[in-house]
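A quick write-up on the structure given underneath.
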Amino acid sequence: MYLSHLMIDIGSNPDRPRPGRLWLRNMYHVHQRLCMAFPSPERLVNDREFLKPYTPDDFPESRYIADQKADEVGAEALKHVHTPRNPKGGFLFRVDPLSGASVAILVLSATKPNWDYAFQNALFLLAAPPSEPRPLQVDFEKGSAFRFRLAANPTKRLRKESVHAKGDKIEEKWVGKRVPVPPDKWEEWLTRRAENSGFRVREITNLQASYVYFNNRSTERGTGQRLRSVRYDGILEVTDAEAFRKALISGIGPAKAFGFGLLSLAKTM
């Protein structure tokens, strides 16, 4: 796995925004640009200067395979932005406001990104040249404690139905529309996710709510959408090392293509 930091030029005046600030207002375009850091070998050979139009097939990280249902965020928005995340492919990202007028994008990827290629025709978005991606070990020990940060989209399914699995086995499956979790259930939502992700939440030190916005230009004007964003800061403890490793790689919760699910860690004091 590789960890990257991108510093974005947003400017200090919201009334006269820099291109980077405008770019961050549409997570669809942010994800699309990040996908460009993973060009196919054929793309690199045939278009070294990145002069040809963006084509999803040229960037394998932007496969058509969705890891969510179309009714969660809209079929058109899912058309090119979702891909499964595992040790062989895919990436997660999070937009982190910093002190002052600065914003960083944190990217966790299965393969080494080529940021010079992705931004060579869009350097005006960056506040500094892309740093070298850092190799990241994702092996953990049970009982280890970390400070963590997670931007998530807490949602739930409205209803279940029984479905036949293999043989005569019957399982319950969520089939209803996904709806936002109310604020008084945000901590409970993360606690339940943690149980299946190999960790427990010792403490939540901060909750910060906002929205992220996205709009695919191929849709009609006025069809932009927004998703609730909840940033969790706190301390966690690893309870199942292998499950935790998988959760770190695949992300936590839905809407990962729009900047959710990346769990970042730091050692406790």
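So you can find residues: chains in the structure tokens are A, B, ... in the order shown, residues in each start at 1, and ligands are numbered from 1 in order.
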Practice problem: Based on DSSP run over this structure's backbone, return all residues of range 101-134 of chain A in strand (DSSP E), as a PyMOL selection string. | Solution: chain A and resi 102-109+134
Practice problem: Name the residues in contact with range 1-7 of chain A at a cut-off of 8 Å, using only C-alpha atoms, excluding same-chain residues fewer than 2 positions from it; report them as a ChimeraX atom specification. | Solution: /A:9,87,102-112,126-138
List as a tab-separated table every residue of range 6-34 of chain A that is in contact with range 91-97 of chain A, defined as an atom at most 10 Å from one of its atoms (using only C-alpha atoms), together with the nearest atom pair and the distance in Å rounded to one decimal, sorted by chain and then rising number.
residue	atom	partner	partner_atom	distance
A:Leu6	CA	A:Val95	CA	9.4
A:Met7	CA	A:Asp96	CA	9.7
A:Ile8	CA	A:Val95	CA	9.6
A:Leu24	CA	A:Val95	CA	8.4
A:Met27	CA	A:Val95	CA	9.6
A:Val30	CA	A:Phe93	CA	9.7
A:His31	CA	A:Phe93	CA	8.3
A:Leu34	CA	A:Phe93	CA	8.8
Expected file: the selected residues, C-alpha atoms, as a PDB file, in the first residue's frame:
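Here's the written file selection_32.pdb:
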ATOM      1  CA  LEU A   6      -1.484  16.362  -2.083  1.00  0.00           C
ATOM      2  CA  MET A   7      -1.520  20.025  -1.093  1.00  0.00           C
ATOM      3  CA  ILE A   8      -4.325  21.918  -2.861  1.00  0.00           C
ATOM      4  CA  LEU A  24     -12.951  20.539  -4.452  1.00  0.00           C
ATOM      5  CA  MET A  27     -16.117  15.207  -5.533  1.00  0.00           C
ATOM      6  CA  VAL A  30     -11.802  15.109  -7.627  1.00  0.00           C
ATOM      7  CA  HIS A  31     -12.120  11.332  -7.851  1.00  0.00           C
ATOM      8  CA  LEU A  34      -7.103  11.076  -8.755  1.00  0.00           C
TER       9      LEU A  34
END
Could you pull the residues within 8 Å of Thr191 in chain A, counting only C-alpha atoms, minus those fewer than 4 positions along the same chain, as a PDB file with N, CA and C atoms, in the first residue's frame?
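The resulting selection_31.pdb:
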ATOM      1  N   GLU A 187     -22.303   7.964  16.685  1.00  0.00           N
ATOM      2  CA  GLU A 187     -21.318   7.178  17.427  1.00  0.00           C
ATOM      3  C   GLU A 187     -21.690   5.694  17.415  1.00  0.00           C
ATOM      4  N   GLU A 195     -17.112  -3.338  15.033  1.00  0.00           N
ATOM      5  CA  GLU A 195     -17.236  -4.734  15.435  1.00  0.00           C
ATOM      6  C   GLU A 195     -16.915  -5.686  14.292  1.00  0.00           C
ATOM      7  N   ARG A 200     -12.222  -1.827  18.163  1.00  0.00           N
ATOM      8  CA  ARG A 200     -13.253  -1.204  18.981  1.00  0.00           C
ATOM      9  C   ARG A 200     -12.860   0.246  19.233  1.00  0.00           C
ATOM     10  N   VAL A 201     -13.861   1.083  19.355  1.00  0.00           N
ATOM     11  CA  VAL A 201     -13.622   2.503  19.589  1.00  0.00           C
ATOM     12  C   VAL A 201     -13.490   2.739  21.086  1.00  0.00           C
TER      13      VAL A 201
END
Quiz prompt | CA of Leu125 in chain A to CA of Arg48 in chain A, straight-line distance in Å | solution =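 Computing it gives 20.0 Å between the two atoms.
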Self-check item: Residue contacts of Ser210 in chain A (8 Å, only C-alpha atoms) excluding same-chain residues fewer than 6 positions away, as a ChimeraX atom specification
Solution: /A:228-230
Please write the residues from the selection above to a file, keeping N, CA and C atoms, as a PDB file, in the first residue's frame.
ATOM      1  N   ARG A 228     -23.966  13.627   3.387  1.00  0.00           N
ATOM      2  CA  ARG A 228     -23.546  14.016   4.730  1.00  0.00           C
ATOM      3  C   ARG A 228     -22.164  13.456   5.028  1.00  0.00           C
ATOM      4  N   SER A 229     -21.289  14.293   5.552  1.00  0.00           N
ATOM      5  CA  SER A 229     -19.952  13.881   5.950  1.00  0.00           C
ATOM      6  C   SER A 229     -19.796  14.063   7.450  1.00  0.00           C
ATOM      7  N   VAL A 230     -19.335  13.022   8.118  1.00  0.00           N
ATOM      8  CA  VAL A 230     -19.053  13.102   9.553  1.00  0.00           C
ATOM      9  C   VAL A 230     -17.602  12.693   9.771  1.00  0.00           C
TER      10      VAL A 230
END
Quiz item: Which neighbours of Tyr28 in chain A fall inside 7 Å, counting only C-alpha atoms, when residues of the same chain fewer than 3 positions from it are skipped, and could you give them as a list in words?
Solution: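 Once the adjacent positions are removed, what remains is His31, Gln32, Phe214, Asn215, Asn216 and Phe258 of chain A.
Nearest residue to Gly143 in chain A among A:Phe59, A:Trp115, A:Tyr211, A:Phe244 is A:Phe244, counting only C-alpha atoms.
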Quiz item: For the atom pair CA of Ala151 in chain A and CA of Ser40 in chain A, what is the interatomic distance in Å to one decimal place?
Solution: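 These atoms are spaced 29.5 Å apart.
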Quiz prompt | Residue among A:Leu248, A:Leu207, A:Phe124, A:Ser197 lying closest to Arg21 in chain A, counting only C-alpha atoms | solution =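 Looking only at the distances to Arg21 in chain A, the closest residue turns out to be A:Phe124.
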Quiz item: Per DSSP on the backbone, what are the helix (DSSP H, G or I) residues of range 169-215 of chain A, as a PyMOL selection string?
Solution: chain A and resi 183-195
Writing out the chosen residues with C-alpha atoms as a PDB file, in the first residue's frame:
ATOM      1  CA  PRO A 183     -26.857  12.744  14.580  1.00  0.00           C
ATOM      2  CA  ASP A 184     -27.666  11.038  17.885  1.00  0.00           C
ATOM      3  CA  LYS A 185     -26.788   7.680  16.255  1.00  0.00           C
ATOM      4  CA  TRP A 186     -23.456   8.650  14.661  1.00  0.00           C
ATOM      5  CA  GLU A 187     -21.318   7.178  17.427  1.00  0.00           C
ATOM      6  CA  GLU A 188     -23.428   4.009  17.500  1.00  0.00           C
ATOM      7  CA  TRP A 189     -23.017   3.667  13.707  1.00  0.00           C
ATOM      8  CA  LEU A 190     -19.228   3.663  14.010  1.00  0.00           C
ATOM      9  CA  THR A 191     -19.299   1.270  16.954  1.00  0.00           C
ATOM     10  CA  ARG A 192     -21.267  -1.276  14.893  1.00  0.00           C
ATOM     11  CA  ARG A 193     -18.922  -0.868  11.937  1.00  0.00           C
ATOM     12  CA  ALA A 194     -15.938  -1.372  14.207  1.00  0.00           C
ATOM     13  CA  GLU A 195     -17.236  -4.734  15.435  1.00  0.00           C
TER      14      GLU A 195
END
